[in-house]
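Structure file final_38.txt (compact mmCIF, C-alpha atoms) follows.
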```
# COMPACT_ATOMS: atom_id res chain seq x y z
CA MET G 1 6.81 -206.99 119.32
CA ALA G 2 5.35 -208.71 116.32
CA GLU G 3 5.70 -212.44 116.04
CA GLY G 4 8.47 -213.66 113.79
CA VAL G 5 10.85 -210.67 114.24
CA GLY G 6 14.45 -211.76 114.48
CA GLU G 7 13.63 -215.20 113.06
CA GLU G 8 14.43 -216.30 109.53
CA LYS G 9 11.37 -216.24 107.35
CA LYS G 10 10.56 -219.58 105.77
CA LYS G 11 10.19 -219.64 102.02
CA PHE G 12 7.05 -221.30 100.73
CA SER G 13 5.12 -221.63 97.48
CA ILE G 14 1.42 -221.17 97.03
CA TRP G 15 1.29 -224.60 95.36
CA ASP G 16 2.42 -226.18 98.64
CA LEU G 17 -0.76 -225.14 100.41
CA PRO G 18 -3.09 -228.04 101.31
CA ASP G 19 -6.05 -226.33 99.62
CA VAL G 20 -4.42 -226.80 96.22
CA PRO G 21 -3.54 -230.53 96.02
CA MET G 22 -1.36 -231.64 93.13
CA GLY G 23 -2.82 -234.20 90.73
CA GLN G 24 -6.42 -233.72 91.82
CA LEU G 25 -8.99 -230.99 92.13
CA PRO G 26 -11.05 -230.00 95.14
CA PRO G 27 -14.37 -231.82 95.22
CA HIS G 28 -16.44 -228.83 94.17
CA LEU G 29 -14.20 -228.10 91.17
CA GLU G 30 -14.06 -231.74 90.14
CA LEU G 31 -17.85 -231.93 90.24
CA GLN G 32 -18.11 -228.81 88.10
CA ARG G 33 -15.48 -230.07 85.65
CA SER G 34 -16.64 -233.63 85.13
CA ARG G 35 -20.22 -233.74 86.43
CA VAL G 36 -19.86 -237.41 87.34
CA SER G 37 -23.20 -239.10 87.74
CA CYS G 38 -24.27 -240.97 90.85
CA ASN G 39 -23.93 -244.26 88.97
CA LYS G 40 -20.40 -245.34 89.89
CA ASP G 41 -20.44 -248.23 87.42
CA ALA G 42 -21.00 -245.92 84.45
CA PRO G 43 -19.79 -242.40 85.20
CA ILE G 44 -20.99 -239.74 82.79
CA HIS G 45 -18.78 -236.73 82.13
CA THR G 46 -20.29 -233.46 80.98
CA GLU G 47 -17.47 -230.97 80.90
CA SER G 48 -18.41 -227.32 80.95
CA ILE G 49 -14.82 -226.01 80.71
CA GLN G 50 -13.27 -226.92 77.36
CA TYR G 51 -9.89 -225.19 77.74
CA SER G 52 -7.31 -228.00 77.95
CA GLY G 53 -4.95 -226.07 80.22
CA ALA G 54 -7.54 -224.79 82.68
CA TYR G 55 -6.11 -226.95 85.52
CA ALA G 56 -2.58 -227.48 84.23
CA SER G 57 -1.07 -225.85 87.33
CA MET G 58 -2.62 -228.61 89.43
CA GLY G 59 -1.44 -231.42 87.16
CA ILE G 60 -4.86 -232.06 85.63
CA ASP G 61 -5.21 -232.65 81.89
CA ASN G 62 -8.50 -231.13 80.80
CA SER G 63 -8.08 -231.76 77.08
CA SER G 64 -10.93 -233.30 75.09
CA ARG G 65 -10.44 -236.94 74.16
CA LEU G 66 -12.40 -238.72 71.46
CA ASP G 67 -12.27 -242.11 73.16
CA ARG G 68 -13.61 -240.72 76.42
CA PHE G 69 -16.38 -238.86 74.59
CA SER G 70 -17.43 -241.91 72.57
CA ASN G 71 -17.51 -244.11 75.68
CA ASN G 72 -19.52 -241.71 77.83
CA PHE G 73 -21.86 -240.09 75.31
CA ARG G 74 -25.30 -241.60 74.84
CA VAL G 75 -28.68 -240.63 73.41
CA GLU G 76 -32.02 -241.53 74.96
CA VAL G 77 -35.12 -241.03 72.80
CA VAL G 78 -37.98 -239.56 74.84
CA GLN G 79 -40.62 -239.15 72.13
CA LEU G 80 -40.70 -240.12 68.47
CA ASN G 81 -43.56 -239.80 65.98
CA LYS G 82 -44.05 -238.75 62.38
CA ASP G 83 -43.75 -235.03 63.13
CA ASP G 84 -41.69 -234.65 66.32
CA MET G 85 -38.64 -236.17 67.97
CA GLU G 86 -37.43 -235.44 71.49
CA PHE G 87 -34.26 -236.98 72.87
CA ASP G 88 -31.76 -236.47 75.67
CA MET G 89 -28.04 -236.15 74.92
CA ILE G 90 -26.12 -237.27 78.00
CA GLY G 91 -22.43 -236.71 78.48
CA ILE G 92 -22.07 -233.78 76.10
CA ASP G 93 -21.19 -230.12 76.41
CA ALA G 94 -23.73 -227.44 75.51
CA ALA G 95 -21.52 -226.13 72.69
CA ILE G 96 -21.47 -229.54 70.99
CA ALA G 97 -25.22 -229.93 71.51
CA ASN G 98 -25.67 -226.63 69.71
CA SER G 99 -23.54 -227.98 66.86
CA PHE G 100 -25.92 -230.92 66.52
CA ARG G 101 -28.79 -228.45 66.35
CA GLY G 102 -27.08 -226.64 63.49
CA ILE G 103 -26.46 -229.91 61.67
CA LEU G 104 -30.16 -230.81 61.88
CA ILE G 105 -31.12 -227.48 60.34
CA ALA G 106 -28.49 -227.05 57.63
CA GLU G 107 -26.68 -230.31 56.86
CA LEU G 108 -29.29 -233.07 56.50
CA PRO G 109 -30.45 -233.60 52.88
CA THR G 110 -34.08 -233.64 51.82
CA MET G 111 -36.07 -233.44 48.60
CA ALA G 112 -37.71 -230.13 47.68
CA ILE G 113 -39.16 -228.54 44.56
CA GLU G 114 -36.45 -226.54 42.82
CA LYS G 115 -37.81 -225.89 39.31
CA VAL G 116 -41.38 -224.98 38.38
CA LEU G 117 -42.41 -224.96 34.71
CA ILE G 118 -45.63 -222.95 34.40
CA ALA G 119 -47.65 -223.59 31.25
CA ASN G 120 -50.65 -221.48 32.28
CA ASN G 121 -51.47 -219.38 35.33
CA THR G 122 -54.45 -217.04 35.24
CA SER G 123 -54.92 -216.95 39.03
CA ILE G 124 -54.27 -213.85 41.13
CA ILE G 125 -51.05 -215.42 42.48
CA GLN G 126 -47.95 -214.36 40.57
CA ASP G 127 -45.75 -217.04 39.02
CA GLU G 128 -42.85 -216.27 41.36
CA VAL G 129 -45.03 -216.47 44.49
CA LEU G 130 -46.63 -219.71 43.32
CA ALA G 131 -43.21 -221.27 42.65
CA HIS G 132 -41.99 -220.14 46.08
CA ARG G 133 -44.99 -221.73 47.82
CA LEU G 134 -44.44 -225.02 46.02
CA GLY G 135 -40.76 -224.98 46.98
CA LEU G 136 -41.70 -225.08 50.67
CA VAL G 137 -43.94 -228.14 50.25
CA PRO G 138 -42.69 -231.10 52.37
CA ILE G 139 -42.43 -234.28 50.29
CA ARG G 140 -42.82 -237.74 51.80
CA VAL G 141 -39.82 -239.57 50.36
CA ASP G 142 -36.48 -240.91 51.58
CA PRO G 143 -33.73 -238.65 50.15
CA ARG G 144 -31.18 -241.46 50.48
CA LEU G 145 -32.81 -243.08 47.44
CA PHE G 146 -31.79 -240.17 45.20
CA GLU G 147 -28.57 -238.57 44.02
CA TYR G 148 -27.61 -234.90 43.94
CA LEU G 149 -28.28 -233.07 40.66
CA SER G 150 -25.27 -231.03 39.54
CA GLU G 151 -25.13 -228.42 36.79
CA ASN G 152 -23.67 -230.93 34.35
CA ASP G 153 -26.20 -233.70 35.06
CA GLN G 154 -29.36 -234.43 33.14
CA PRO G 155 -32.55 -234.76 35.21
CA ASN G 156 -33.34 -238.46 35.36
CA GLU G 157 -35.13 -241.00 37.54
CA LYS G 158 -32.20 -241.10 39.99
CA ASN G 159 -32.02 -237.40 40.83
CA THR G 160 -35.38 -235.79 40.02
CA ILE G 161 -39.02 -236.16 41.11
CA VAL G 162 -41.66 -234.69 38.79
CA PHE G 163 -45.09 -233.47 39.88
CA LYS G 164 -47.97 -232.14 37.81
CA LEU G 165 -50.66 -229.65 38.79
CA HIS G 166 -53.59 -228.87 36.49
CA VAL G 167 -56.73 -227.35 38.01
CA GLN G 168 -59.43 -225.18 36.48
CA CYS G 169 -62.45 -223.32 37.80
CA LYS G 170 -65.11 -223.30 35.12
CA ARG G 171 -67.08 -220.17 34.37
CA GLY G 172 -70.30 -219.94 36.34
CA SER G 173 -68.93 -222.19 39.09
CA PRO G 174 -68.15 -221.05 42.64
CA ARG G 175 -64.59 -220.36 43.73
CA ILE G 176 -62.48 -223.45 44.44
CA THR G 177 -59.59 -224.05 46.82
CA VAL G 178 -56.56 -225.79 45.37
CA LYS G 179 -54.77 -228.01 47.87
CA LEU G 180 -51.68 -230.17 47.69
CA ASP G 181 -53.71 -233.29 47.00
CA ALA G 182 -54.08 -231.93 43.45
CA LEU G 183 -50.29 -232.24 42.98
CA LYS G 184 -49.82 -235.53 41.13
CA TRP G 185 -46.62 -237.55 40.91
CA LEU G 186 -45.35 -238.35 37.41
CA PRO G 187 -43.20 -241.50 37.79
CA ASN G 188 -42.35 -241.51 34.07
CA GLY G 189 -40.90 -238.02 34.11
CA SER G 190 -41.87 -234.76 32.49
CA GLU G 191 -44.86 -234.53 30.16
CA LEU G 192 -44.22 -231.00 28.94
CA VAL G 193 -42.77 -231.02 25.44
CA LYS G 194 -39.91 -228.70 24.63
CA GLU G 195 -40.40 -226.26 21.80
CA THR G 196 -38.22 -227.09 18.81
CA ARG G 197 -37.04 -224.70 16.13
CA ASN G 198 -36.36 -227.46 13.64
CA ALA G 199 -39.55 -227.82 11.65
CA THR G 200 -38.15 -230.73 9.61
CA SER G 201 -37.76 -233.04 12.61
CA ASP G 202 -39.15 -236.56 12.40
CA SER G 203 -42.75 -236.51 13.60
CA SER G 204 -42.61 -240.22 14.44
CA SER G 205 -39.82 -239.77 17.01
CA LYS G 206 -40.58 -239.34 20.67
CA PRO G 207 -40.97 -235.65 21.60
CA GLU G 208 -38.28 -234.21 23.82
CA THR G 209 -39.33 -233.31 27.36
CA TYR G 210 -37.56 -231.64 30.28
CA THR G 211 -36.37 -234.91 31.86
CA TYR G 212 -34.56 -238.00 30.61
CA PHE G 213 -35.99 -240.94 32.51
CA GLY G 214 -34.54 -244.32 31.53
CA CYS G 215 -37.26 -246.18 33.44
CA SER G 216 -40.33 -245.48 35.50
CA GLN G 217 -39.88 -244.69 39.18
CA GLU G 218 -42.88 -246.93 39.92
CA ILE G 219 -40.77 -250.06 39.42
CA ILE G 220 -38.33 -249.02 42.17
CA PRO G 221 -39.09 -251.40 45.08
CA GLU G 222 -39.25 -248.62 47.68
CA PHE G 223 -42.00 -246.82 45.72
CA VAL G 224 -44.18 -249.82 44.84
CA LYS G 225 -46.18 -249.64 48.08
CA ASN G 226 -45.19 -246.09 49.09
CA PRO G 227 -45.79 -243.69 46.19
CA ILE G 228 -44.24 -240.23 46.37
CA ILE G 229 -46.79 -237.71 47.61
CA PRO G 230 -46.77 -234.42 49.56
CA LYS G 231 -46.54 -234.94 53.30
CA TYR G 232 -49.59 -232.80 54.14
CA PRO G 233 -52.24 -232.90 51.37
CA ASP G 234 -54.44 -230.27 53.07
CA ILE G 235 -52.01 -227.36 52.56
CA ILE G 236 -53.66 -224.65 50.45
CA ILE G 237 -51.79 -223.65 47.29
CA ALA G 238 -54.20 -221.13 45.78
CA LYS G 239 -57.84 -220.19 45.34
CA LEU G 240 -59.31 -219.95 41.86
CA GLY G 241 -62.25 -217.89 40.68
CA PRO G 242 -64.50 -218.64 37.71
CA GLY G 243 -62.48 -218.91 34.50
CA GLN G 244 -59.10 -219.16 36.23
CA GLU G 245 -56.66 -222.01 35.65
CA ILE G 246 -53.26 -223.27 36.80
CA GLU G 247 -51.20 -225.75 34.80
CA LEU G 248 -47.62 -226.45 35.77
CA GLU G 249 -44.92 -229.02 36.32
CA ALA G 250 -42.71 -229.08 39.43
CA HIS G 251 -39.32 -230.79 39.62
CA ALA G 252 -37.96 -231.74 43.05
CA VAL G 253 -34.25 -232.40 43.64
CA LYS G 254 -32.00 -233.26 46.56
CA GLY G 255 -30.38 -230.50 48.63
CA ILE G 256 -29.46 -229.26 52.12
CA GLY G 257 -30.69 -226.39 54.25
CA LYS G 258 -27.35 -224.57 53.96
CA THR G 259 -28.23 -223.90 50.31
CA HIS G 260 -31.85 -222.89 50.91
CA ALA G 261 -34.26 -223.14 53.82
CA LYS G 262 -36.72 -225.21 51.75
CA TRP G 263 -34.33 -228.16 52.09
CA SER G 264 -34.23 -227.91 55.88
CA PRO G 265 -35.82 -231.09 57.30
CA VAL G 266 -36.96 -229.43 60.55
CA ALA G 267 -39.20 -226.46 61.15
CA THR G 268 -37.49 -225.78 64.49
CA ALA G 269 -34.61 -227.46 66.28
CA TRP G 270 -33.75 -226.33 69.80
CA TYR G 271 -32.18 -227.61 72.98
CA ARG G 272 -32.27 -226.79 76.67
CA MET G 273 -30.12 -227.73 79.64
CA LEU G 274 -31.77 -230.22 81.98
CA PRO G 275 -31.39 -229.21 85.65
CA GLU G 276 -29.63 -231.63 87.99
CA LEU G 277 -30.23 -231.50 91.75
CA ARG G 278 -27.64 -232.98 94.14
CA ILE G 279 -27.53 -233.19 97.93
CA ASP G 280 -24.10 -233.56 99.53
CA CYS G 281 -23.23 -234.90 102.97
CA ASN G 282 -23.71 -231.47 104.56
CA CYS G 283 -27.30 -231.37 103.32
CA ARG G 284 -26.54 -228.57 100.87
CA PHE G 285 -28.55 -228.34 97.66
CA LEU G 286 -26.54 -228.09 94.43
CA LEU G 287 -28.34 -227.17 91.22
CA PHE G 288 -26.60 -227.55 87.87
```
Take the structure in the file and write it out as structure tokens.
Amino acid sequence: MAEGVGEEKKKFSIWDLPDVPMGQLPPHLELQRSRVSCNKDAPIHTESIQYSGAYASMGIDNSSRLDRFSNNFRVEVVQLNKDDMEFDMIGIDAAIANSFRGILIAELPTMAIEKVLIANNTSIIQDEVLAHRLGLVPIRVDPRLFEYLSENDQPNEKNTIVFKLHVQCKRGSPRITVKLDALKWLPNGSELVKETRNATSDSSSKPETYTYFGCSQEIIPEFVKNPIIPKYPDIIIAKLGPGQEIELEAHAVKGIGKTHAKWSPVATAWYRMLPELRIDCNCRFLLF
């Protein structure tokens, strides 16, 4: 005869079982949920389960809280130089770390060449290709010192940087390589004169150019000791043969990588999960 026959069966709920305690999670689930560090004075939470109701049946609120994130999140810079930056983001989920990666690529403003006015180009490089190459040139300047240029704005000293390039390979001379060091900054604005249809205009008046600078950018304190130049002067722009010439003006404006990749401040931005090795009391190895 089977045990329990003839006796009244006791009613029970699965939530009454000791393996599912109310108000707290089992140690292995709590470790996976919060990833509390070994430093008890400053616990660091790195939640990998973002659904707020994941543990609602056990009385655990798993919702994201801004105050908890701001208190536990920290950044430690590992390496920082002129070209690279490596840092650890501690107390953050991988999805949010990926959002920071996207912000670095598409949301941070920089200065890049947007308009190229070509006066003469007899090289083998087409005008469109030459303008595209110049647009990808990194410029050493703080974009916070400039304003955005909208469609209704006039290019002035506050929103535009003007460069000039004029190189020529004389006949009978060997081929020359044109590099970015030949791109000269024009702090007073454009030097190309606009063509006018009014032949009766006053010859004594100042000719109209493509920018409207109220003052020279050289008098701005930030540019007195740090003139605006290309970041890498050894980048090759073109190669000219005997008798070939390039004369142009390039206007750089402020923008973000979401509009065009030439305004992206980083060549690559990536992240990886750092492994964490733990040893519990039963001498088991846990790798996260």
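Distances here use all atoms listed in the file; by that measure, the residue among G:Val193, G:Ile235, G:Val137, G:Ile90 closest to Leu117 (chain G) is G:Val193.
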Between G:Leu134, G:Gln126, G:Ala97, G:Asn159, which has the minimum distance to Gly255 (chain G) (counting all atoms listed in the file)? G:Asn159
What's the 10 Å shell around Glu157 (chain G), counting all atoms listed in the file, without same-chain residues fewer than 4 positions away, as a PyMOL selection string? chain G and resi 146-147+161-162+187-189+211-217+220
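Residues in contact with Ala261 (chain G) at up to 9 Å, not including ones fewer than 4 positions away on its chain and judged by only C-alpha atoms, are G:Ile105, G:Ala106, G:Leu136, G:Ile256, G:Gly257, G:Pro265.
Counting from CA of Phe163 (chain G), the distance to CA of Ile228 (chain G) is 9.4 Å.
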Can you measure CA of Asp93 (chain G) to CA of Phe69 (chain G) for me? One decimal in Å is fine. 10.1 Å
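Ranking G:Glu245, G:Leu29, G:Leu274, G:Glu86 by their shortest atom-to-atom distance to Ile176 (chain G), with only C-alpha atoms included, puts G:Glu245 first.
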Could you add N, CA, C and O atoms to region 212-238 of chain G and give me the result as a CSV table (one decimal), in the frame of the given file?
```
chain,number,residue,atom,x,y,z
G,212,TYR,N,-35.1,-236.9,31.4
G,212,TYR,CA,-34.6,-238.0,30.6
G,212,TYR,C,-34.6,-239.3,31.5
G,212,TYR,O,-33.6,-239.7,32.0
G,213,PHE,N,-35.8,-239.8,31.7
G,213,PHE,CA,-36.0,-240.9,32.5
G,213,PHE,C,-35.7,-242.2,31.7
G,213,PHE,O,-36.3,-242.4,30.6
G,214,GLY,N,-34.8,-243.1,32.2
G,214,GLY,CA,-34.5,-244.3,31.5
G,214,GLY,C,-35.6,-245.4,31.9
G,214,GLY,O,-35.8,-246.3,31.1
G,215,CYS,N,-36.2,-245.2,33.0
G,215,CYS,CA,-37.3,-246.2,33.4
G,215,CYS,C,-38.2,-245.5,34.3
G,215,CYS,O,-38.0,-244.3,34.8
G,216,SER,N,-39.3,-246.1,34.6
G,216,SER,CA,-40.3,-245.5,35.5
G,216,SER,C,-39.9,-245.6,37.0
G,216,SER,O,-39.4,-246.7,37.4
G,217,GLN,N,-40.2,-244.6,37.8
G,217,GLN,CA,-39.9,-244.7,39.2
G,217,GLN,C,-40.8,-245.6,39.9
G,217,GLN,O,-40.6,-246.0,41.1
G,218,GLU,N,-41.9,-246.0,39.3
G,218,GLU,CA,-42.9,-246.9,39.9
G,218,GLU,C,-42.3,-248.3,40.1
G,218,GLU,O,-42.8,-249.1,41.0
G,219,ILE,N,-41.3,-248.7,39.3
G,219,ILE,CA,-40.8,-250.1,39.4
G,219,ILE,C,-39.7,-250.1,40.5
G,219,ILE,O,-39.2,-251.2,40.8
G,220,ILE,N,-39.3,-249.0,41.1
G,220,ILE,CA,-38.3,-249.0,42.2
G,220,ILE,C,-39.0,-249.6,43.4
G,220,ILE,O,-40.1,-249.2,43.8
G,221,PRO,N,-38.4,-250.7,44.0
G,221,PRO,CA,-39.1,-251.4,45.1
G,221,PRO,C,-39.6,-250.5,46.2
G,221,PRO,O,-40.7,-250.8,46.8
G,222,GLU,N,-38.8,-249.5,46.6
G,222,GLU,CA,-39.2,-248.6,47.7
G,222,GLU,C,-40.5,-247.8,47.4
G,222,GLU,O,-41.2,-247.3,48.3
G,223,PHE,N,-40.8,-247.6,46.1
G,223,PHE,CA,-42.0,-246.8,45.7
G,223,PHE,C,-43.2,-247.6,45.3
G,223,PHE,O,-44.2,-247.1,44.9
G,224,VAL,N,-43.1,-249.0,45.3
G,224,VAL,CA,-44.2,-249.8,44.8
G,224,VAL,C,-45.4,-249.7,45.8
G,224,VAL,O,-46.5,-249.5,45.4
G,225,LYS,N,-45.1,-249.8,47.1
G,225,LYS,CA,-46.2,-249.6,48.1
G,225,LYS,C,-46.2,-248.3,48.7
G,225,LYS,O,-47.2,-248.0,49.4
G,226,ASN,N,-45.2,-247.4,48.5
G,226,ASN,CA,-45.2,-246.1,49.1
G,226,ASN,C,-44.9,-245.1,48.0
G,226,ASN,O,-43.8,-244.6,47.8
G,227,PRO,N,-46.0,-244.7,47.3
G,227,PRO,CA,-45.8,-243.7,46.2
G,227,PRO,C,-45.4,-242.3,46.8
G,227,PRO,O,-45.6,-242.0,47.9
G,228,ILE,N,-44.7,-241.5,45.9
G,228,ILE,CA,-44.2,-240.2,46.4
G,228,ILE,C,-45.4,-239.3,46.4
G,228,ILE,O,-46.0,-239.0,45.3
G,229,ILE,N,-45.7,-238.7,47.5
G,229,ILE,CA,-46.8,-237.7,47.6
G,229,ILE,C,-46.4,-236.6,48.6
G,229,ILE,O,-45.4,-236.8,49.3
G,230,PRO,N,-47.0,-235.4,48.6
G,230,PRO,CA,-46.8,-234.4,49.6
G,230,PRO,C,-47.1,-234.9,51.0
G,230,PRO,O,-48.0,-235.7,51.1
G,231,LYS,N,-46.4,-234.5,51.9
G,231,LYS,CA,-46.5,-234.9,53.3
G,231,LYS,C,-47.9,-234.5,53.9
G,231,LYS,O,-48.6,-235.3,54.5
G,232,TYR,N,-48.3,-233.3,53.6
G,232,TYR,CA,-49.6,-232.8,54.1
G,232,TYR,C,-50.5,-232.4,53.0
G,232,TYR,O,-50.3,-231.3,52.4
G,233,PRO,N,-51.4,-233.2,52.6
G,233,PRO,CA,-52.2,-232.9,51.4
G,233,PRO,C,-53.2,-231.8,51.6
G,233,PRO,O,-53.8,-231.3,50.6
G,234,ASP,N,-53.4,-231.3,52.8
G,234,ASP,CA,-54.4,-230.3,53.1
G,234,ASP,C,-53.9,-228.9,53.0
G,234,ASP,O,-54.6,-227.9,53.2
G,235,ILE,N,-52.6,-228.7,52.7
G,235,ILE,CA,-52.0,-227.4,52.6
G,235,ILE,C,-52.6,-226.7,51.3
G,235,ILE,O,-52.7,-227.2,50.2
G,236,ILE,N,-53.0,-225.4,51.5
G,236,ILE,CA,-53.7,-224.6,50.4
G,236,ILE,C,-52.6,-224.0,49.6
G,236,ILE,O,-51.6,-223.4,50.0
G,237,ILE,N,-52.7,-224.2,48.3
G,237,ILE,CA,-51.8,-223.6,47.3
G,237,ILE,C,-52.3,-222.3,46.8
G,237,ILE,O,-51.6,-221.3,46.7
G,238,ALA,N,-53.6,-222.3,46.4
G,238,ALA,CA,-54.2,-221.1,45.8
G,238,ALA,C,-55.7,-221.3,45.8
G,238,ALA,O,-56.2,-222.4,46.1
```
